[in-house]
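input28.txt follows (compact mmCIF, C-alpha atoms and all ligand atoms):
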# COMPACT_ATOMS: atom_id res chain seq x y z
CA MET A 1 2.74 -6.82 2.56
CA ARG A 2 3.92 -6.20 6.13
CA ILE A 3 2.10 -7.92 8.97
CA LEU A 4 1.90 -5.96 12.21
CA ASP A 5 0.46 -6.38 15.65
CA ALA A 6 -1.68 -3.45 16.83
CA GLY A 7 0.37 -3.28 20.04
CA ALA A 8 3.53 -2.63 18.01
CA LEU A 9 2.17 0.30 15.98
CA PRO A 10 3.83 3.72 16.23
CA GLN A 11 1.73 6.70 17.35
CA THR A 12 1.12 7.58 13.70
CA VAL A 13 1.59 4.93 11.04
CA VAL A 14 3.52 6.17 7.99
CA LEU A 15 2.10 4.53 4.89
CA GLY A 16 4.67 2.78 2.69
CA ASP A 17 4.14 -0.96 2.34
CA ASP A 18 0.73 -2.58 2.13
CA LEU A 19 -0.24 -3.53 5.70
CA LEU A 20 -2.13 -6.30 7.46
CA ILE A 21 -2.69 -5.39 11.12
CA GLU A 22 -3.94 -7.77 13.80
CA GLY A 23 -5.89 -6.11 16.60
CA ASP A 24 -9.05 -4.29 17.63
CA ASN A 25 -9.70 -1.62 15.01
CA ALA A 26 -10.67 0.83 17.79
CA GLN A 27 -7.03 0.69 18.84
CA VAL A 28 -5.62 0.82 15.29
CA LEU A 29 -7.73 3.52 13.61
CA PRO A 30 -6.55 6.51 15.70
CA ARG A 31 -2.98 5.65 14.63
CA LEU A 32 -3.69 5.79 10.89
CA PRO A 33 -2.88 9.11 9.22
CA ALA A 34 -5.73 11.60 8.66
CA GLY A 35 -6.93 12.15 5.09
CA ALA A 36 -4.83 9.31 3.67
CA PHE A 37 -7.37 6.99 2.05
CA ASP A 38 -9.21 7.20 -1.25
CA MET A 39 -11.79 4.71 -0.10
CA VAL A 40 -12.81 2.65 2.93
CA TYR A 41 -14.80 -0.54 2.50
CA ILE A 42 -16.12 -2.18 5.66
CA ASP A 43 -18.24 -5.23 6.17
CA PRO A 44 -18.61 -5.41 9.95
CA PRO A 45 -20.28 -8.28 11.79
CA PHE A 46 -24.02 -7.82 11.09
CA ASN A 47 -25.14 -8.35 14.70
CA THR A 48 -26.95 -11.57 13.83
CA GLY A 49 -26.75 -12.69 17.46
CA ARG A 50 -24.92 -15.86 16.35
CA THR A 51 -21.34 -17.01 16.06
CA GLN A 52 -20.41 -17.07 12.36
CA ARG A 53 -18.76 -20.40 11.55
CA ARG A 54 -17.37 -22.14 8.48
CA SER A 55 -15.89 -25.64 8.46
CA THR A 56 -13.77 -27.04 5.66
CA LEU A 57 -14.07 -30.81 5.29
CA ARG A 58 -12.07 -33.27 3.20
CA VAL A 59 -13.50 -36.66 2.24
CA VAL A 60 -10.94 -39.49 2.41
CA ARG A 61 -11.11 -43.24 1.60
CA ASP A 62 -11.49 -45.31 4.78
CA GLU A 63 -12.79 -48.89 4.91
CA ASP A 64 -14.18 -48.09 8.40
CA GLY A 65 -15.69 -44.79 7.25
CA ASP A 66 -19.35 -43.87 7.87
CA ARG A 67 -20.23 -43.00 4.24
CA THR A 68 -20.66 -45.16 1.19
CA GLY A 69 -19.76 -43.77 -2.21
CA PHE A 70 -19.19 -44.92 -5.80
CA GLN A 71 -19.06 -48.74 -6.22
CA GLY A 72 -19.69 -49.23 -2.50
CA ARG A 73 -16.37 -47.68 -1.43
CA ARG A 74 -16.28 -46.39 2.14
CA TYR A 75 -15.29 -42.83 3.06
CA ARG A 76 -15.04 -40.61 6.11
CA SER A 77 -15.00 -36.80 6.49
CA GLU A 78 -11.97 -35.13 7.97
CA LEU A 79 -12.19 -31.63 9.43
CA LEU A 80 -9.46 -29.56 7.78
CA ARG A 81 -10.21 -26.35 9.61
CA ALA A 82 -12.99 -24.57 11.48
CA LEU A 83 -13.14 -20.78 11.33
CA ALA A 84 -15.41 -18.58 13.42
CA TYR A 85 -16.01 -15.08 14.78
CA GLU A 86 -18.51 -13.65 17.26
CA ASP A 87 -21.44 -11.64 15.87
CA SER A 88 -23.54 -10.44 18.80
CA PHE A 89 -23.50 -6.90 20.20
CA GLY A 90 -25.57 -5.44 23.04
CA ASP A 91 -25.12 -1.87 21.76
CA TYR A 92 -24.39 -2.25 18.04
CA LEU A 93 -24.50 1.44 17.13
CA GLY A 94 -22.40 2.24 20.19
CA PHE A 95 -19.82 -0.23 18.83
CA LEU A 96 -19.91 1.23 15.31
CA ALA A 97 -20.08 4.99 15.99
CA PRO A 98 -16.49 5.67 17.16
CA ARG A 99 -15.11 3.46 14.38
CA LEU A 100 -17.16 5.25 11.72
CA GLU A 101 -16.00 8.61 13.06
CA GLN A 102 -12.45 7.40 12.57
CA ALA A 103 -13.30 6.17 9.08
CA ARG A 104 -14.33 9.70 8.16
CA ARG A 105 -11.17 11.17 9.68
CA VAL A 106 -8.83 8.93 7.67
CA LEU A 107 -10.66 9.51 4.36
CA ALA A 108 -9.16 12.04 1.96
CA ASP A 109 -11.39 14.97 0.98
CA HIS A 110 -12.08 13.11 -2.29
CA GLY A 111 -12.69 9.87 -0.33
CA THR A 112 -15.66 7.50 -0.14
CA LEU A 113 -16.97 5.07 2.48
CA TYR A 114 -18.70 1.84 1.47
CA PHE A 115 -20.52 0.37 4.46
CA HIS A 116 -21.82 -3.18 3.92
CA ILE A 117 -24.72 -4.30 6.12
CA ASP A 118 -27.84 -6.45 6.03
CA PRO A 119 -31.46 -5.23 5.93
CA ARG A 120 -32.09 -5.85 9.65
CA GLU A 121 -29.61 -3.14 10.72
CA ALA A 122 -29.32 -0.97 7.58
CA HIS A 123 -31.84 1.73 8.59
CA TYR A 124 -30.28 2.29 12.01
CA CYS A 125 -26.84 2.52 10.43
CA LYS A 126 -28.04 4.96 7.78
CA LEU A 127 -29.29 7.37 10.46
CA LEU A 128 -25.97 7.08 12.26
CA LEU A 129 -24.02 7.74 9.04
CA ASP A 130 -26.25 10.72 8.20
CA GLU A 131 -25.32 12.15 11.58
CA LEU A 132 -21.58 11.50 11.21
CA PHE A 133 -21.09 12.40 7.53
CA GLY A 134 -24.04 14.77 6.99
CA ARG A 135 -27.15 13.90 4.96
CA GLU A 136 -25.79 15.76 1.95
CA CYS A 137 -22.85 13.34 1.84
CA PHE A 138 -25.05 10.30 1.30
CA LEU A 139 -24.33 9.15 -2.27
CA ASN A 140 -26.03 5.80 -2.79
CA GLU A 141 -27.69 2.79 -1.30
CA ILE A 142 -26.44 -0.16 -3.30
CA VAL A 143 -28.41 -3.38 -3.21
CA TRP A 144 -26.31 -6.50 -3.69
CA ALA A 145 -28.75 -9.21 -4.75
CA TYR A 146 -27.73 -12.87 -4.76
CA ASP A 147 -29.38 -16.23 -5.05
CA PHE A 148 -28.28 -18.67 -2.40
CA GLY A 149 -29.58 -20.46 0.68
CA GLY A 150 -33.01 -21.49 1.94
CA ARG A 151 -36.33 -19.96 0.92
CA PRO A 152 -38.73 -19.69 3.86
CA LYS A 153 -42.40 -19.80 2.87
CA ARG A 154 -43.80 -17.41 5.49
CA ARG A 155 -42.09 -14.28 4.15
CA TRP A 156 -40.20 -13.08 1.06
CA PRO A 157 -36.84 -14.87 1.19
CA ALA A 158 -34.18 -12.28 2.12
CA LYS A 159 -31.61 -12.35 -0.69
CA HIS A 160 -29.83 -9.03 -0.58
CA ASP A 161 -27.36 -6.97 1.41
CA THR A 162 -27.21 -3.19 1.53
CA ILE A 163 -24.11 -1.11 0.90
CA LEU A 164 -24.42 2.49 2.10
CA VAL A 165 -22.14 4.89 0.28
CA TYR A 166 -21.06 8.20 1.85
CA VAL A 167 -18.51 10.70 0.57
CA LYS A 168 -16.42 12.99 2.71
CA ASP A 169 -17.03 16.06 0.56
CA ARG A 170 -19.94 16.20 -1.86
CA ALA A 171 -18.10 18.73 -4.05
CA ARG A 172 -14.80 16.88 -4.31
CA TYR A 173 -15.33 13.13 -4.27
CA HIS A 174 -13.62 10.87 -6.80
CA PHE A 175 -15.84 8.64 -8.96
CA ASP A 176 -14.57 7.15 -12.21
CA ASP A 177 -17.39 5.42 -13.99
CA ASP A 178 -15.13 4.43 -16.92
CA GLU A 179 -13.15 2.10 -14.63
CA VAL A 180 -16.23 0.01 -13.77
CA ASP A 181 -17.11 -3.24 -15.57
CA ARG A 182 -20.30 -3.19 -17.66
CA GLU A 183 -23.31 -5.48 -17.54
CA PRO A 184 -25.36 -7.10 -20.31
CA TYR A 185 -28.64 -5.30 -21.11
CA MET A 186 -31.75 -7.18 -19.94
CA ALA A 187 -33.38 -6.50 -23.31
CA PRO A 188 -30.47 -6.09 -25.77
CA GLY A 189 -32.95 -6.01 -28.67
CA LEU A 190 -34.15 -2.57 -27.48
CA VAL A 191 -30.74 -0.85 -27.92
CA THR A 192 -28.35 -0.55 -30.85
CA ALA A 193 -26.01 -3.47 -31.57
CA GLU A 194 -23.08 -1.26 -30.60
CA LYS A 195 -24.63 -0.45 -27.21
CA ALA A 196 -25.57 -4.07 -26.63
CA ALA A 197 -21.97 -5.16 -27.33
CA ARG A 198 -20.58 -2.54 -24.93
CA GLY A 199 -23.06 -3.41 -22.15
CA LYS A 200 -24.70 -1.00 -19.72
CA ARG A 201 -23.29 0.93 -16.79
CA PRO A 202 -24.31 -0.80 -13.55
CA SER A 203 -27.05 0.86 -11.51
CA ASP A 204 -27.37 0.75 -7.72
CA VAL A 205 -28.72 -2.82 -7.89
CA TRP A 206 -25.97 -5.41 -8.38
CA TRP A 207 -26.86 -8.99 -9.17
CA HIS A 208 -23.80 -11.02 -8.28
CA THR A 209 -23.30 -14.55 -7.04
CA ILE A 210 -21.91 -15.22 -3.56
CA VAL A 211 -18.38 -16.66 -3.46
CA PRO A 212 -18.80 -19.96 -5.34
CA THR A 213 -18.37 -22.87 -2.91
CA ASN A 214 -15.85 -24.66 -5.11
CA GLY A 215 -14.27 -21.65 -6.83
CA ALA A 216 -10.62 -20.65 -6.60
CA GLU A 217 -11.67 -17.46 -4.80
CA LYS A 218 -13.05 -19.32 -1.78
CA THR A 219 -10.89 -19.09 1.34
CA GLY A 220 -13.22 -20.89 3.76
CA TYR A 221 -13.55 -17.75 5.93
CA PRO A 222 -17.14 -17.21 7.20
CA THR A 223 -19.05 -14.45 5.36
CA GLN A 224 -16.30 -13.87 2.78
CA LYS A 225 -17.60 -11.38 0.21
CA PRO A 226 -17.11 -11.84 -3.54
CA ALA A 227 -14.24 -9.94 -5.14
CA GLY A 228 -16.59 -9.00 -8.00
CA ILE A 229 -18.63 -6.56 -5.90
CA VAL A 230 -15.65 -5.10 -4.04
CA ARG A 231 -13.83 -4.62 -7.37
CA ARG A 232 -16.52 -2.22 -8.54
CA MET A 233 -16.17 -0.05 -5.44
CA VAL A 234 -12.37 0.07 -5.62
CA ALA A 235 -12.38 0.72 -9.37
CA ALA A 236 -14.88 3.59 -9.17
CA SER A 237 -13.78 5.29 -5.97
CA SER A 238 -9.99 5.02 -5.80
CA ARG A 239 -7.26 6.24 -8.11
CA PRO A 240 -4.48 4.02 -9.45
CA GLY A 241 -1.85 3.85 -6.70
CA GLY A 242 -4.33 5.29 -4.14
CA TRP A 243 -4.78 3.86 -0.63
CA CYS A 244 -7.77 1.67 0.34
CA LEU A 245 -8.72 0.56 3.87
CA ASP A 246 -10.78 -2.29 5.31
CA PHE A 247 -10.77 -2.43 9.11
CA PHE A 248 -13.10 -5.47 9.34
CA ALA A 249 -10.96 -7.30 6.81
CA GLY A 250 -11.91 -10.98 7.34
CA SER A 251 -10.27 -12.97 4.54
CA GLY A 252 -8.74 -9.85 2.96
CA THR A 253 -11.03 -9.46 -0.06
CA LEU A 254 -10.36 -5.71 -0.28
CA GLY A 255 -6.59 -6.33 -0.27
CA ALA A 256 -6.85 -8.95 -3.02
CA VAL A 257 -8.86 -6.57 -5.21
CA ALA A 258 -6.72 -3.51 -4.44
CA ARG A 259 -3.58 -5.39 -5.41
CA GLU A 260 -5.18 -6.66 -8.63
CA LEU A 261 -6.16 -3.10 -9.60
CA GLY A 262 -2.83 -1.49 -8.70
CA ARG A 263 -4.03 0.21 -5.51
CA ARG A 264 -2.40 0.13 -2.05
CA PHE A 265 -4.11 -1.24 1.06
CA VAL A 266 -4.32 -1.41 4.83
CA LEU A 267 -6.29 -4.32 6.33
CA VAL A 268 -7.19 -4.71 10.01
CA ASP A 269 -8.83 -7.63 11.80
CA SER A 270 -8.92 -8.70 15.44
CA SER A 271 -9.15 -12.41 14.68
CA PRO A 272 -5.90 -14.40 14.41
CA GLU A 273 -7.77 -16.78 12.07
CA ALA A 274 -8.61 -13.90 9.71
CA ILE A 275 -4.96 -12.82 9.75
CA ALA A 276 -3.87 -16.38 8.93
CA VAL A 277 -6.36 -16.72 6.06
CA THR A 278 -5.44 -13.30 4.63
CA THR A 279 -1.74 -14.06 4.90
CA GLN A 280 -2.28 -17.28 3.00
CA ARG A 281 -4.36 -15.44 0.38
CA LEU A 282 -2.08 -12.46 -0.15
CA GLY A 283 1.29 -14.00 0.61
CA GLY A 284 3.45 -13.63 3.67
CA ASP A 285 5.35 -15.59 6.26
CA ASP A 286 4.13 -17.87 9.02
CA PRO A 287 0.82 -16.30 10.12
CA GLY A 288 1.30 -17.68 13.63
CA ILE A 289 3.79 -14.93 14.47
CA THR A 290 2.12 -11.58 14.18
CA ALA A 291 3.99 -9.47 16.73
CA GLY A 292 6.34 -6.85 15.31
CA THR A 293 6.90 -6.33 11.62
CA ARG A 294 7.82 -8.70 8.82
C1 LIG B 301 -18.17 -10.00 8.02
S1 LIG B 301 -16.50 -10.34 8.40
C2 LIG B 301 -15.63 -9.56 7.08
C3 LIG B 301 -15.55 -10.44 5.86
C4 LIG B 301 -14.73 -9.81 4.74
N1 LIG B 301 -15.43 -8.72 4.10
C5 LIG B 301 -14.34 -10.85 3.69
O1 LIG B 301 -14.64 -10.66 2.49
O2 LIG B 301 -13.76 -11.86 4.08
C6 LIG B 301 -16.24 -9.26 9.77
C7 LIG B 301 -14.84 -9.31 10.38
O3 LIG B 301 -14.73 -8.30 11.38
C8 LIG B 301 -13.80 -8.76 12.36
N2 LIG B 301 -13.97 -7.92 13.56
C9 LIG B 301 -15.02 -7.92 14.42
N3 LIG B 301 -14.81 -7.00 15.40
C10 LIG B 301 -13.61 -6.40 15.13
C11 LIG B 301 -12.87 -5.37 15.76
N4 LIG B 301 -13.31 -4.76 16.86
N5 LIG B 301 -11.68 -5.02 15.21
C12 LIG B 301 -11.22 -5.63 14.10
N6 LIG B 301 -11.89 -6.61 13.45
C13 LIG B 301 -13.08 -6.99 13.96
C14 LIG B 301 -14.14 -10.23 12.52
O4 LIG B 301 -13.03 -10.94 13.05
C15 LIG B 301 -14.46 -10.63 11.05
O5 LIG B 301 -13.32 -11.16 10.44
What is this structure when it is put down as structure tokens?
Amino acid sequence: MRILDAGALPQTVVLGDDLLIEGDNAQVLPRLPAGAFDMVYIDPPFNTGRTQRRSTLRVVRDEDGDRTGFQGRRYRSELLRALAYEDSFGDYLGFLAPRLEQARRVLADHGTLYFHIDPREAHYCKLLLDELFGRECFLNEIVWAYDFGGRPKRRWPAKHDTILVYVKDRARYHFDDDEVDREPYMAPGLVTAEKAARGKRPSDVWWHTIVPTNGAEKTGYPTQKPAGIVRRMVAASSRPGGWCLDFFAGSGTLGAVARELGRRFVLVDSSPEAIAVTTQRLGGDDPGITAGTR
């Protein structure tokens, strides 16, 4: 994987190595070649109006510590790292529109966009995508349902995200259902033993846990998405060896999945912390130096 600074990109990037690019995607996208990508997955900031933060703490033994643990031993918490990015936009659709136009330009004719958003913004984004891709190119609205966090009592606890799926060309898009993992039937007794053993093809509602807090997959990056959901998108909508793009890359989940499935990738993020986390996750040199190529 080569790590590049957006300021050092040529007018048109020639795809060869997998790439991790640090910079504003508005600056990077026009330099990516047209029609090059099988699929684009993006999970932009959701415009929550807050700064997204994640702190990683380590608990260490300290006789002067402020916590008491097993057999009265004293401990203190040590901040290992604090990661954050801004998530507040005055004109959210105005921010997204030129980037989504570019996403369409860089998709191959058989290409697919997966746009990950939460229910507060999803309907506005769907209208925008209808306008940019055409209503006929809307393929699916995937609901990713999870079970984590608080449960307010004054409304139905919000426990899903929306993934809007648009194809560049309704007649030519790539979709390989055989590549996708199967799920257990809810009522296996109602189907043959053979069918029950094989499992069912997933629908547009995906029950999947968030990134487990103590799992090996966890990078500590705020709003990291689970590889399990991104794997389905890459498996279904890209070909082996095909190029995949995430220009709001965060901790590099798309790159990790693409590599695992034998696809190629380009990742873009404006945050030096995201570049550092992704470099650590996918391998590379000192993430502090991101100018030029390595
Ligand atoms: C929701 S996070 C993505 C998380 C990612 N899907 C993962 O699994 O880790 C959104 C990311 O978009 C990045 N971002 C926000 N504005 C950007 C811009 N204009 N150009 C590039 N990246 C941007 C933020 O730094 C943040 O890392």
*Mind listing the residues within 6 Å of ligand LIG 301 (chain B), only C-alpha atoms and all ligand atoms counted, as a PyMOL selection string?*
chain A and resi 23-25+43-45+85+223-225+247-253+268-271+274
*Please identify all polymer residues lying at most 12 Å from the point (-16.9, 16.3, -0.4) (file coordinates), using all atoms listed in the file, and present the result as JSON, numbers by chain.*
{"A": [38, 104, 107, 108, 109, 110, 111, 112, 113, 133, 134, 135, 136, 137, 138, 139, 166, 167, 168, 169, 170, 171, 172, 173, 174, 175]}
*Gap from CA of Ala196 in chain A to CA of Asn140 in chain A - Å, one decimal*: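 Interatomic distance here is 25.8 Å.
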Could you build a table of the residues in range 104-195 of chain A lying no more than 10 Å from range 92-100 of chain A, giving for each the nearest pair of atoms and their separation in Å rounded to one decimal place, using all atoms listed in the file, ordered by chain and ascending residue number, as CSV?
residue,atom,partner,partner_atom,distance
A:Arg104,CA,A:Leu100,CA,6.4
A:Arg105,CA,A:Leu100,CA,8.7
A:Val106,CA,A:Leu100,CA,10.0
A:Leu113,CA,A:Leu100,CA,9.2
A:Phe115,CA,A:Leu100,CA,9.4
A:Glu121,CA,A:Tyr92,CA,9.0
A:Tyr124,CA,A:Leu93,CA,7.8
A:Cys125,CA,A:Leu93,CA,7.2
A:Leu128,CA,A:Ala97,CA,7.3
A:Leu129,CA,A:Leu100,CA,7.8
A:Glu131,CA,A:Ala97,CA,9.9
A:Leu132,CA,A:Leu100,CA,7.7
A:Phe133,CA,A:Leu100,CA,9.2
*With distances taken over only C-alpha atoms, which of A:Ile21, A:Ala145, A:Ala227, A:Ala6 is nearest to Thr279 in chain A?*
A:Ile21
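Minimum distance to Leu164 in chain A across A:Tyr114, A:Phe37, A:Phe46, A:Tyr221 (counting all atoms listed in the file) occurs at A:Tyr114.
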*Separation of CA of Ile275 in chain A from CA of Val13 in chain A in Å*: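 Taking CA of Val13 in chain A and CA of Ile275 in chain A, their separation equals 19.0 Å.
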*From the list A:Trp243, A:Val266, A:Pro157, A:Tyr146, which residue is nearest His208 in chain A when using all atoms listed in the file?*
A:Tyr146
*Record the distance separating CA of Ala26 in chain A and CA of Gln102 in chain A, expressed in Å with one decimal.*
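CA of Gln102 in chain A lies at a distance of 8.6 Å from CA of Ala26 in chain A.
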